[in-house]
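Enquirer: Below are the structure tokens for one structure; questions will follow.
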Amino acid sequence: MTIDVVDWQAAVQAIADSDQAVISCHVHPDGDALGSALALHRALANAGRKPVVSFSEPFMVAPQYRFLPGIEDLTPPDQVSRAADLFVCFDVGSLDRLGSLVDAFEGAVRTVVIDHHASNTRFGDVNLVDPSAPASAVLCRELLRRLGLPLDGDIATALYTALVTDTGRFQYQATVPDTHLLAAELLSAGVDQYEVSKAVFETNDIGYLRLLADVLGRLQQVPAVSLVWTVVSEADLAVHGIDMEQTEGLIDLVRTDGASDVAAVLKEQADGAYKVSLRSKGGANVGQLASAFGGGGHALAAGFTSDAGVEDTLRRIVEGLGAQARDRDRDRDRDGNRARDRDRGR
Ligand code: AMP
Ligand code: MN
Ligand code: MN
């Protein structure tokens, strides 16, 4: 871990000193965001504290996460104090990602940011940021240990859900032996792992499966930049009667195109903008690309929102990937020339 012990101590002190911590995560929370926030909430509540857990409008939990223990404890964001003594957030790379809770964060006396995005802007009073962590849940587990708060089955289930989703079921590059050791610890603490798998990975709305047929049917490859992409429109959702929240796993299918390094899914929002999900298998740095477009994320999984239409958004992605490829070629040539010069004894 790359987090300084001083920062851990500051976070532990801030949480120990707080009366009523507000715990939150990013807009449109995924398993890691929700699981980490619910885990700390439950651990503090078990210790007799009065924490509040919430996330931004649209205050809707994706169906696959509704089984999570503690989901009923979520407080609507408009009922969250704008003057809390502490605000803790998980998996939030920049302040804007708190959505309608930005003012609650800004109004809090102290703030703690716990995250694993390389693009994290360190916007808290205390920042526990480790880009090598495969999930924010790993940092949440360590925080609980340092706070002396024990796991129970519900906390373990929330953390396990976070871990299994953010690692793509332990398959992405950030997965290391410690990730499996943590999973083992959580399972030992009482997780019913098949209950999690069933809810998160094995239960789709038939409307979603039919939407997949449409959306995958219009997949397009851009071989010049090793890209595969598709788009989900508001009309697609209406036809099949599903919410955009249910399409989180779509990018995981698109990225399996064996001919492409980068996958992109453009998701139309109610206001006509597009939320863009990007994944790379290691060639391109999509985090850098997304940051250049005002978004963020990790080197291999990132996103941004675009006001341009599909065509212009795609053109920018292709241009960005092209520029990265040219930079990589240039670096390779330079390294090659250096090696050659060295070999010739220059
Ligand atoms: P997603 O494609 O929505 O699953 O997001 C992939 C990664 O990129 C996650 O780590 C997100 O937190 C991050 N991300 C997605 N959209 C944005 C955005 N608009 N701004 C910053 N980070 C984002
Ligand atoms: Mn997340
Ligand atoms: Mn995460």
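Numbering starts fresh at 1 for the residues of each chain in the structure tokens, the chains themselves are lettered A, B, ... in the order given, and ligands are numbered from 1 as they appear.
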Neighbours of ligand 3 within 6 Å, counting only C-alpha atoms and all ligand atoms, as a short mmCIF file (atom, residue, chain, number, x, y, z; two decimals) with all heavy atoms, in the first residue's frame?
Expert:
data_model
loop_
_atom_site.label_atom_id
_atom_site.label_comp_id
_atom_site.auth_asym_id
_atom_site.auth_seq_id
_atom_site.Cartn_x
_atom_site.Cartn_y
_atom_site.Cartn_z
N ASP A 32 -18.54 -1.58 -5.66
CA ASP A 32 -17.44 -1.14 -4.79
C ASP A 32 -17.85 0.10 -3.99
O ASP A 32 -17.60 0.17 -2.77
CB ASP A 32 -16.20 -0.85 -5.66
CG ASP A 32 -14.96 -0.55 -4.83
OD1 ASP A 32 -14.85 -1.08 -3.70
OD2 ASP A 32 -14.09 0.19 -5.33
N ASP A 91 -14.50 5.64 -3.16
CA ASP A 91 -14.53 5.39 -4.60
C ASP A 91 -14.85 6.64 -5.42
O ASP A 91 -15.33 6.54 -6.54
CB ASP A 91 -15.55 4.26 -4.90
CG ASP A 91 -15.12 3.38 -6.06
OD1 ASP A 91 -13.92 3.08 -6.16
OD2 ASP A 91 -15.99 3.00 -6.88
N ALA A 135 -9.74 -2.41 -5.35
CA ALA A 135 -11.08 -1.89 -5.02
C ALA A 135 -10.94 -0.96 -3.82
O ALA A 135 -10.04 -1.14 -2.98
CB ALA A 135 -12.04 -3.03 -4.68
N SER A 136 -11.86 -0.02 -3.70
CA SER A 136 -11.88 0.84 -2.50
C SER A 136 -12.15 -0.02 -1.27
O SER A 136 -11.75 0.33 -0.15
CB SER A 136 -12.95 1.91 -2.63
OG SER A 136 -12.62 2.80 -3.68
N ASP A 166 -15.46 -5.08 -8.51
CA ASP A 166 -14.40 -4.21 -9.04
C ASP A 166 -13.24 -4.99 -9.65
O ASP A 166 -12.50 -4.45 -10.47
CB ASP A 166 -13.88 -3.24 -7.97
CG ASP A 166 -14.30 -1.80 -8.27
OD1 ASP A 166 -15.39 -1.61 -8.85
OD2 ASP A 166 -13.55 -0.86 -7.95
#
Enquirer: Which polymer residues have any atom within 12 Å of an atom of A:Val102, counting only C-alpha atoms, with same-chain residues fewer than 3 positions away left out, as a ChimeraX atom specification?
Expert: /A:24-27,55-57,77-78,80-83,87,89,92,94-99,105-108,111,123-124
Enquirer: Write the residues you've just listed into a file as a tab-separated table (two decimals), in the first residue's frame, and include C-alpha atoms for each of them.
Expert:
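Generated file (part_38.tsv):
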chain	number	residue	atom	x	y	z
A	24	SER	CA	-21.07	8.29	0.90
A	25	CYS	CA	-19.77	7.24	-2.52
A	26	HIS	CA	-19.97	8.29	-6.17
A	27	VAL	CA	-23.10	8.96	-8.24
A	55	PHE	CA	-25.46	8.86	-2.21
A	56	SER	CA	-26.46	11.39	-4.86
A	57	GLU	CA	-29.62	11.78	-6.90
A	77	PRO	CA	-29.48	12.77	-0.22
A	78	ASP	CA	-31.80	15.73	0.42
A	80	VAL	CA	-28.37	14.56	4.66
A	81	SER	CA	-26.92	17.27	6.93
A	82	ARG	CA	-25.09	20.08	5.14
A	83	ALA	CA	-23.09	20.73	8.33
A	87	PHE	CA	-17.97	13.37	5.67
A	89	CYS	CA	-16.55	9.07	0.84
A	92	VAL	CA	-14.92	9.08	-5.47
A	94	SER	CA	-13.11	14.02	-7.75
A	95	LEU	CA	-15.57	16.27	-5.90
A	96	ASP	CA	-18.08	16.51	-8.78
A	97	ARG	CA	-18.58	12.72	-8.58
A	98	LEU	CA	-20.51	13.28	-5.33
A	99	GLY	CA	-23.34	14.74	-7.43
A	105	PHE	CA	-19.21	17.50	1.56
A	106	GLU	CA	-18.32	21.20	1.37
A	107	GLY	CA	-20.36	21.99	4.48
A	108	ALA	CA	-18.79	19.26	6.61
A	111	THR	CA	-13.62	15.28	5.18
A	123	PHE	CA	-9.97	16.86	-2.52
A	124	GLY	CA	-10.42	15.85	1.13
Enquirer: Do you know which residues are within 8 Å of ligand 1 using only C-alpha atoms and all ligand atoms? Can you write them as a compact mmCIF listing (two decimals) with N, CA and C atoms, in the first residue's frame?
Expert:
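Dumped everything to part33.txt:
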# COMPACT_ATOMS: atom_id res chain seq x y z
N HIS A 26 -19.70 7.52 -4.95
CA HIS A 26 -19.97 8.29 -6.17
C HIS A 26 -21.39 8.11 -6.72
N ASP A 30 -21.62 1.81 -8.00
CA ASP A 30 -21.41 0.42 -8.40
C ASP A 30 -21.22 -0.41 -7.12
N ASP A 91 -14.50 5.64 -3.16
CA ASP A 91 -14.53 5.39 -4.60
C ASP A 91 -14.85 6.64 -5.42
N VAL A 92 -14.60 7.81 -4.82
CA VAL A 92 -14.92 9.08 -5.47
C VAL A 92 -13.60 9.74 -5.91
N GLY A 93 -13.39 9.85 -7.22
CA GLY A 93 -12.12 10.35 -7.72
C GLY A 93 -11.99 11.86 -7.72
N SER A 94 -13.13 12.55 -7.77
CA SER A 94 -13.11 14.02 -7.75
C SER A 94 -14.44 14.50 -7.17
N ARG A 97 -18.00 14.08 -8.55
CA ARG A 97 -18.58 12.72 -8.58
C ARG A 97 -19.48 12.45 -7.38
N HIS A 117 -8.68 5.48 -7.37
CA HIS A 117 -8.53 5.99 -8.74
C HIS A 117 -7.19 6.71 -8.91
N SER A 119 -6.67 8.86 -10.98
CA SER A 119 -6.98 10.26 -11.30
C SER A 119 -7.49 11.04 -10.09
N GLU A 248 -24.76 -1.87 -16.47
CA GLU A 248 -23.37 -1.77 -15.99
C GLU A 248 -22.48 -2.88 -16.57
N ILE A 251 -20.46 -3.40 -20.83
CA ILE A 251 -19.09 -3.14 -21.29
C ILE A 251 -18.21 -4.40 -21.13
N LYS A 275 -22.95 9.16 -21.46
CA LYS A 275 -22.00 8.69 -20.47
C LYS A 275 -21.19 7.61 -21.19
N VAL A 276 -19.88 7.79 -21.21
CA VAL A 276 -19.02 6.88 -21.97
C VAL A 276 -18.23 5.99 -21.02
N SER A 277 -18.35 4.68 -21.20
CA SER A 277 -17.54 3.72 -20.45
C SER A 277 -16.41 3.23 -21.33
N LEU A 278 -15.21 3.20 -20.79
CA LEU A 278 -14.04 2.78 -21.57
C LEU A 278 -13.29 1.68 -20.84
N ARG A 279 -12.80 0.68 -21.56
CA ARG A 279 -11.97 -0.36 -20.99
C ARG A 279 -10.81 -0.63 -21.94
N GLY A 287 -7.73 5.81 -18.88
CA GLY A 287 -7.87 6.79 -17.80
C GLY A 287 -7.39 8.16 -18.25
N ALA A 290 -9.93 9.53 -20.73
CA ALA A 290 -11.14 10.02 -20.07
C ALA A 290 -10.86 11.33 -19.33
N SER A 291 -9.69 11.44 -18.71
CA SER A 291 -9.34 12.67 -18.00
C SER A 291 -9.26 13.85 -18.96
N GLY A 294 -12.53 15.36 -19.40
CA GLY A 294 -13.23 15.84 -18.21
C GLY A 294 -13.73 14.74 -17.30
N GLY A 295 -13.43 13.49 -17.62
CA GLY A 295 -13.84 12.38 -16.76
C GLY A 295 -12.66 11.88 -15.96
N GLY A 296 -12.61 10.58 -15.74
CA GLY A 296 -11.50 10.02 -14.98
C GLY A 296 -11.62 8.52 -14.86
N GLY A 297 -10.85 7.95 -13.93
CA GLY A 297 -10.90 6.51 -13.72
C GLY A 297 -9.52 5.93 -13.54
N HIS A 298 -9.36 4.72 -14.01
CA HIS A 298 -8.09 3.99 -13.90
C HIS A 298 -7.48 3.88 -15.30
N ALA A 301 -9.73 1.18 -16.93
CA ALA A 301 -11.20 1.29 -16.83
C ALA A 301 -11.53 2.72 -16.46
N ALA A 302 -12.25 3.40 -17.32
CA ALA A 302 -12.48 4.82 -17.06
C ALA A 302 -13.76 5.27 -17.75
N GLY A 303 -14.12 6.51 -17.51
CA GLY A 303 -15.34 7.03 -18.12
C GLY A 303 -15.37 8.53 -18.15
N PHE A 304 -16.26 9.07 -18.98
CA PHE A 304 -16.49 10.51 -19.02
C PHE A 304 -17.88 10.76 -19.58
N THR A 305 -18.32 12.00 -19.45
CA THR A 305 -19.62 12.36 -20.01
C THR A 305 -19.39 13.34 -21.14
Enquirer: With DSSP run on the backbone, what are the strand (DSSP E) residues within stretch 217-316 of chain A? I'd like them as a ChimeraX atom specification.
Expert: /A:220-222,227-232,262-268,274-280,296-297,301-306
Enquirer: Print the selection's residues with C-alpha atoms to a file, as a short mmCIF file (atom, residue, chain, number, x, y, z; two decimals), in the first residue's frame.
Expert:
data_model
loop_
_atom_site.label_atom_id
_atom_site.label_comp_id
_atom_site.auth_asym_id
_atom_site.auth_seq_id
_atom_site.Cartn_x
_atom_site.Cartn_y
_atom_site.Cartn_z
CA GLN A 220 -18.60 -1.60 -34.61
CA GLN A 221 -14.87 -2.08 -34.80
CA VAL A 222 -12.35 0.64 -35.62
CA LEU A 227 -11.44 -0.12 -30.77
CA VAL A 228 -14.81 -1.83 -30.51
CA TRP A 229 -17.81 0.26 -29.56
CA THR A 230 -21.58 0.45 -29.35
CA VAL A 231 -24.29 2.77 -28.10
CA VAL A 232 -27.33 2.40 -25.83
CA VAL A 262 -10.18 -0.87 -26.26
CA ALA A 263 -13.94 -1.09 -25.73
CA ALA A 264 -16.34 1.84 -25.49
CA VAL A 265 -20.04 1.95 -24.66
CA LEU A 266 -21.87 5.25 -25.14
CA LYS A 267 -24.95 5.51 -22.94
CA GLU A 268 -27.48 8.21 -23.72
CA TYR A 274 -23.64 10.48 -23.36
CA LYS A 275 -22.00 8.69 -20.47
CA VAL A 276 -19.02 6.88 -21.97
CA SER A 277 -17.54 3.72 -20.45
CA LEU A 278 -14.04 2.78 -21.57
CA ARG A 279 -11.97 -0.36 -20.99
CA SER A 280 -8.47 -1.29 -22.17
CA GLY A 296 -11.50 10.02 -14.98
CA GLY A 297 -10.90 6.51 -13.72
CA ALA A 301 -11.20 1.29 -16.83
CA ALA A 302 -12.48 4.82 -17.06
CA GLY A 303 -15.34 7.03 -18.12
CA PHE A 304 -16.49 10.51 -19.02
CA THR A 305 -19.62 12.36 -20.01
CA SER A 306 -19.88 13.95 -23.44
#
Enquirer: Have a look at atom CA of A:Val129 and atom CA of A:Thr2 and let me know their distance in Å, one decimal.
Expert: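 Computing it gives 7.8 Å between the two atoms.
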Enquirer: Let me make sure I understand: among A:Ile23, A:Thr175, A:Leu300, A:Asp73, which one has the smallest atom-to-atom distance to A:Asn285 if we use only C-alpha atoms?
Expert: A:Leu300
Enquirer: At a cut-off of 9 Å, using only C-alpha atoms, what residues contact A:Ala325? Leave out same-chain residues fewer than 3 positions from it and give the result as a PyMOL selection string.
Expert: chain A and resi 225+283-284+320-322+328-330
Enquirer: Could you give me, as a list in words, the residues within 9 Å of A:Ala156, counting only C-alpha atoms and dropping anything in the same chain fewer than 4 positions from it?
Expert: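 Counting only C-alpha atoms, the residues come to Ala39, Leu151, Asp152, Tyr160, Thr161, Glu185, Leu186, Leu187, Ser188, Ala189, Gly190 and Val191 of chain A.
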Enquirer: Enter the distance from atom CA of A:Ala199 to atom CA of A:Glu245, in Å, rounded to one decimal.
Expert: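 Answer for the atom CA of A:Ala199 to atom CA of A:Glu245 separation: 14.5 Å.
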Enquirer: Tell me, which residues of stretch 251-343 of chain A carry DSSP alpha helix (DSSP H), written as a ChimeraX atom specification?
Expert: /A:251-254,286-292,310-343
Enquirer: When you draw a straight line from atom CA of A:Asp243 to atom CA of A:Pro29, how long is it in Å?
Expert: 14.0 Å
Enquirer: Choose the residue, out of A:Ser233, A:Gln64, A:Asn337, A:Gln288, that has the smallest atom-to-atom separation from A:Lys198; count only C-alpha atoms.
Expert: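 The shortest atom-to-atom distance to A:Lys198 comes from A:Gln64.
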Enquirer: Taking into account only C-alpha atoms, which residue in the set A:Ala235, A:Val53, A:Ala273, A:Ala183 is nearest to A:Gly309?
Expert: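 Smallest separation from A:Gly309 among the options: A:Ala273.
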Enquirer: Measuring atom to atom with only C-alpha atoms, identify which of A:Ser54, A:Thr247, A:Thr203, A:Ser260 is nearest to A:Ala224.
Expert: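 Looking at the shortest contact to A:Ala224, the residue is A:Ser260.
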Enquirer: Leaving out A:Ala158 and any residue of its chain fewer than 3 positions from it, which residues lie within 8 Å of it when counting only C-alpha atoms, given as a list in words?
Expert: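 Near neighbours after the sequence-gap exclusion: Leu34, Gly35, Ser36, Leu38, Ala39, Leu68, Pro69, Asp154, Ile155, Thr161 and Ala162 of chain A.
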Enquirer: Using only N, CA and C atoms, please write the residues we just selected to a file, as a compact mmCIF listing (two decimals), in the first residue's frame.
Expert:
# COMPACT_ATOMS: atom_id res chain seq x y z
N LEU A 34 -20.96 1.28 -3.27
CA LEU A 34 -22.03 0.98 -2.30
C LEU A 34 -21.53 0.06 -1.20
N GLY A 35 -20.83 -1.00 -1.60
CA GLY A 35 -20.37 -2.00 -0.63
C GLY A 35 -19.45 -1.38 0.42
N SER A 36 -18.52 -0.53 -0.03
CA SER A 36 -17.59 0.08 0.92
C SER A 36 -18.32 1.02 1.87
N LEU A 38 -21.55 1.02 2.71
CA LEU A 38 -22.43 0.27 3.62
C LEU A 38 -21.62 -0.46 4.69
N ALA A 39 -20.44 -0.93 4.32
CA ALA A 39 -19.61 -1.67 5.28
C ALA A 39 -19.18 -0.76 6.43
N LEU A 68 -28.10 -6.20 -0.99
CA LEU A 68 -27.04 -5.89 -0.01
C LEU A 68 -27.63 -5.59 1.36
N PRO A 69 -27.06 -6.23 2.40
CA PRO A 69 -27.55 -5.91 3.75
C PRO A 69 -27.25 -4.45 4.06
N ASP A 154 -22.73 -9.28 7.58
CA ASP A 154 -23.27 -8.23 6.71
C ASP A 154 -22.15 -7.33 6.16
N ILE A 155 -21.22 -6.97 7.03
CA ILE A 155 -20.09 -6.13 6.60
C ILE A 155 -19.27 -6.90 5.57
N THR A 161 -18.87 -8.13 -2.01
CA THR A 161 -19.56 -7.68 -3.23
C THR A 161 -18.73 -6.61 -3.93
N ALA A 162 -18.19 -5.70 -3.14
CA ALA A 162 -17.34 -4.64 -3.69
C ALA A 162 -16.12 -5.23 -4.38
